[in-house]
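Worksheet: the structure to be examined is printed underneath.
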Amino acid sequence: MSCNISHLTKKKMAYKGKQITNPVSRQTITFVTTAKESKGDQLEMVSTWEPTSFKPSPHYHPYQDEVFEVMDGELTLLLNGKTWTLKKGESIHIPATAVHSMWNASKTNVVARWKVFPALNTEYLLETGMGLAADGKTTNDGVPDLLQVALLAKKFKKEFRLKKPPFVVQQIIFGMLAPLARLKGKKAIYPKYID
């Protein structure tokens with residue numbers, strides 16, 4: 001049985017000031033402006049990465065732009081195959097479909113203001129991913145098991161896609177694995193992580 005996002009939004013949602021933490025990637029997010037507050041126009045957060053944080057897989061957002069503004073520290077960014085270091089006061093606009101990943105390669109915390117527009121269902125993706133990590137349901141590098149990834153990838157294909165393998169291959173593989181994942185009791189969204 002799949003989880004209906006529209007049903008959840010009537011009762012539960014991210015809220016201004018809510019903080020979520022991924023203990024594996026050592027990243028904390030505080031919601032500043034939610035999708036509901038902006039009528040879907042944007043999601044604004046403040047993200048903190050602890051020193052030498054986990055480097056995520058290169059990915060892209062097919063329909064969303066992002067802006068990162070470093071408020072403290074130095075943020076390392078891989079964008080379209082080139083590595084950049086953004087320092088305090090610097091910002092970058094990442095257009096939809098640009099392959100990227102970001103992390104803290106330094107020895108001090110990095111804090112950045114992070115905007116995603118339009119918001120789509122990014123809040124649910126972040127809350128679910130970080131909730132799974134906090135509950136110990138990811139590998140040592142912060143990735144859920146393949147069956148869980150299959151459900152997340154199908155549910156959030158408008159918000160997030162891995163660079164590799166090609167999207168059409170991901171769709172085939174994840175489409176075949178999704179029924180098995182549901183049989184094993186996995187969900188694309190867990191209500192306990194959304195509030």
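To be explicit about the labels: the chains of the structure tokens are called A, B, and onward in the order shown, and within each one the residues are counted from 1, while ligands get numbers from 1 in the order they are shown.
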What lies within 9 Å of Pro144 in chain A using only C-alpha atoms, ignoring chain neighbours under 6 positions off, as an mmCIF file with N, CA, C and O atoms, in the first residue's frame?
```cif
data_model
loop_
_atom_site.group_PDB
_atom_site.id
_atom_site.type_symbol
_atom_site.label_atom_id
_atom_site.label_comp_id
_atom_site.auth_asym_id
_atom_site.auth_seq_id
_atom_site.Cartn_x
_atom_site.Cartn_y
_atom_site.Cartn_z
ATOM 1 N N GLY A 129 14.359 10.728 4.141
ATOM 2 C CA GLY A 129 15.757 10.288 4.067
ATOM 3 C C GLY A 129 16.486 10.463 5.382
ATOM 4 O O GLY A 129 17.207 9.561 5.845
ATOM 5 N N LEU A 132 15.114 7.986 8.067
ATOM 6 C CA LEU A 132 15.655 6.635 7.898
ATOM 7 C C LEU A 132 17.068 6.549 8.461
ATOM 8 O O LEU A 132 17.419 5.585 9.152
ATOM 9 N N ALA A 133 17.888 7.559 8.182
ATOM 10 C CA ALA A 133 19.262 7.563 8.694
ATOM 11 C C ALA A 133 19.275 7.630 10.223
ATOM 12 O O ALA A 133 20.039 6.912 10.882
ATOM 13 N N LYS A 137 18.510 3.021 9.468
ATOM 14 C CA LYS A 137 18.047 2.230 8.326
ATOM 15 C C LYS A 137 18.760 2.604 7.035
ATOM 16 O O LYS A 137 18.166 2.592 5.957
ATOM 17 N N THR A 138 20.043 2.955 7.149
ATOM 18 C CA THR A 138 20.873 3.235 5.981
ATOM 19 C C THR A 138 22.212 2.525 6.160
ATOM 20 O O THR A 138 22.553 2.076 7.252
#
```
### Task
Enumerate the residues of range 13-138 of chain A with a DSSP assignment of strand (DSSP E or B), computed from the backbone, and present them as a ChimeraX atom specification.
/A:19-22,27-33,43-49,59-60,65-72,74-79,82-87,91-94,100-103,110-117
### Task
Mind listing the alpha helix (DSSP H) residues of range 14-172 of chain A, per DSSP on the backbone, as an MDAnalysis selection string?
chainID A and resid 122:134 146:155 167:172
Can those selected residues be exported to a file as a PDB file, in the first residue's frame so that it contains C-alpha atoms?
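See out.pdb below for the written result:
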```pdb
ATOM      1  CA  THR A 122      11.278  18.177  -1.314  1.00  0.00           C
ATOM      2  CA  GLU A 123      10.309  18.492   2.360  1.00  0.00           C
ATOM      3  CA  TYR A 124       8.974  14.929   2.370  1.00  0.00           C
ATOM      4  CA  LEU A 125      12.069  13.591   0.604  1.00  0.00           C
ATOM      5  CA  LEU A 126      14.403  15.242   3.129  1.00  0.00           C
ATOM      6  CA  GLU A 127      12.328  14.274   6.161  1.00  0.00           C
ATOM      7  CA  THR A 128      12.077  10.668   4.984  1.00  0.00           C
ATOM      8  CA  GLY A 129      15.757  10.288   4.067  1.00  0.00           C
ATOM      9  CA  MET A 130      16.991  11.860   7.283  1.00  0.00           C
ATOM     10  CA  GLY A 131      14.446   9.930   9.349  1.00  0.00           C
ATOM     11  CA  LEU A 132      15.655   6.635   7.898  1.00  0.00           C
ATOM     12  CA  ALA A 133      19.262   7.563   8.694  1.00  0.00           C
ATOM     13  CA  ALA A 134      18.368   8.619  12.249  1.00  0.00           C
ATOM     14  CA  LEU A 146      18.115  -0.901  -2.652  1.00  0.00           C
ATOM     15  CA  LEU A 147      14.440  -1.729  -2.042  1.00  0.00           C
ATOM     16  CA  GLN A 148      13.957   1.486  -0.065  1.00  0.00           C
ATOM     17  CA  VAL A 149      15.810   3.475  -2.740  1.00  0.00           C
ATOM     18  CA  ALA A 150      13.474   2.009  -5.372  1.00  0.00           C
ATOM     19  CA  LEU A 151      10.406   3.419  -3.599  1.00  0.00           C
ATOM     20  CA  LEU A 152      12.019   6.800  -2.896  1.00  0.00           C
ATOM     21  CA  ALA A 153      13.228   7.120  -6.490  1.00  0.00           C
ATOM     22  CA  LYS A 154       9.768   6.380  -7.894  1.00  0.00           C
ATOM     23  CA  LYS A 155       7.912   8.697  -5.482  1.00  0.00           C
ATOM     24  CA  PHE A 167      17.228   7.719 -15.726  1.00  0.00           C
ATOM     25  CA  VAL A 168      15.471   5.282 -18.065  1.00  0.00           C
ATOM     26  CA  VAL A 169      17.510   2.423 -16.559  1.00  0.00           C
ATOM     27  CA  GLN A 170      16.708   3.635 -13.042  1.00  0.00           C
ATOM     28  CA  GLN A 171      12.999   3.652 -13.928  1.00  0.00           C
ATOM     29  CA  ILE A 172      13.124   0.062 -15.159  1.00  0.00           C
TER      30      ILE A 172
END
```
#### Entry: Residue among A:Ser53, A:Asn121, A:Gln42, A:Ser106 lying closest to Pro23 in chain A, counting only C-alpha atoms
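Under the stated criterion, the closest residue is A:Ser53.
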### Message
Calculated over only C-alpha atoms, which of the candidates A:Leu75, A:Ile92, A:Ala14, A:Leu120 has the smallest distance to Tyr63 in chain A?
### Response
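The answer is A:Leu120, which sits nearest to Tyr63 in chain A.
Considering the residues A:Ala178, A:Asn109, A:His100, A:Ala188 and counting only C-alpha atoms, Lys87 in chain A has its shortest atom-to-atom contact with A:Asn109.
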### Task
Name the residues in contact with Phe117 in chain A at a cut-off of 10 Å, using only C-alpha atoms, excluding same-chain residues fewer than 2 positions from it; report them as an MDAnalysis selection string.
chainID A and resid 35 40:44 63:67 95:96 115 119:120 122
#### Entry: Long-range neighbours of Ser91 in chain A as a PyMOL selection string, 10 Å cut-off, only C-alpha atoms, 4 positions minimum in chain
chain A and resi 67-71+75+86-87+112-114
Go ahead and write the residues just picked, N, CA and C atoms, as an mmCIF file, in the first residue's frame.
```cif
data_model
loop_
_atom_site.group_PDB
_atom_site.id
_atom_site.type_symbol
_atom_site.label_atom_id
_atom_site.label_comp_id
_atom_site.auth_asym_id
_atom_site.auth_seq_id
_atom_site.Cartn_x
_atom_site.Cartn_y
_atom_site.Cartn_z
ATOM 1 N N VAL A 67 19.598 27.490 -4.784
ATOM 2 C CA VAL A 67 20.570 28.537 -4.483
ATOM 3 C C VAL A 67 21.151 28.237 -3.111
ATOM 4 N N PHE A 68 22.465 28.243 -3.031
ATOM 5 C CA PHE A 68 23.167 28.067 -1.765
ATOM 6 C C PHE A 68 23.957 29.325 -1.481
ATOM 7 N N GLU A 69 23.810 29.859 -0.275
ATOM 8 C CA GLU A 69 24.590 31.012 0.168
ATOM 9 C C GLU A 69 25.309 30.612 1.453
ATOM 10 N N VAL A 70 26.635 30.635 1.425
ATOM 11 C CA VAL A 70 27.417 30.213 2.585
ATOM 12 C C VAL A 70 27.394 31.320 3.632
ATOM 13 N N MET A 71 26.941 30.968 4.824
ATOM 14 C CA MET A 71 26.855 31.917 5.929
ATOM 15 C C MET A 71 28.072 31.809 6.847
ATOM 16 N N LEU A 75 32.017 25.562 1.859
ATOM 17 C CA LEU A 75 31.224 24.468 1.305
ATOM 18 C C LEU A 75 31.884 23.983 0.021
ATOM 19 N N LEU A 86 33.058 27.205 -1.949
ATOM 20 C CA LEU A 86 32.349 28.454 -1.689
ATOM 21 C C LEU A 86 32.656 28.894 -0.261
ATOM 22 N N LYS A 87 33.049 30.154 -0.106
ATOM 23 C CA LYS A 87 33.404 30.696 1.202
ATOM 24 C C LYS A 87 32.293 31.601 1.717
ATOM 25 N N ALA A 112 24.920 27.062 5.553
ATOM 26 C CA ALA A 112 24.489 27.704 4.309
ATOM 27 C C ALA A 112 22.980 27.866 4.287
ATOM 28 N N ARG A 113 22.529 28.978 3.715
ATOM 29 C CA ARG A 113 21.109 29.183 3.422
ATOM 30 C C ARG A 113 20.860 28.470 2.095
ATOM 31 N N TRP A 114 19.783 27.673 2.047
ATOM 32 C CA TRP A 114 19.517 26.786 0.913
ATOM 33 C C TRP A 114 18.087 27.009 0.460
#
```
### Message
My list of candidates is A:Ile173, A:Thr30, A:Gly89, A:Glu50. Which is closest to Thr108 in chain A when distances are computed with only C-alpha atoms?
### Response
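Using only C-alpha atoms, Thr108 in chain A sits closest to A:Glu50.
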### Message
So that I can see what lies close to Lys16 in chain A, please list as number ranges by chain the residues with an atom at most 7 Å from it, counting only C-alpha atoms and leaving out residues fewer than 6 positions away in the same chain.
### Response
A: 31-34
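Each of A:Tyr60, A:Trp49, A:Trp84, A:Phe156 was checked against Val111 in chain A using only C-alpha atoms; the smallest atom-to-atom distance is that of A:Trp49.
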### Task
Tell me which protein, DNA and RNA residues are within 10 Å of Asn80 in chain A, counting only C-alpha atoms, leaving out same-chain ones fewer than 4 positions away, and put them as a count of residues only.
9
### Given only C-alpha atoms as the counted atoms, nearest of A:Ser47, A:Asn140, A:Ile194, A:Lys55 to Gln27 in chain A
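Checking each candidate against Gln27 in chain A, we get A:Ser47 as the closest.
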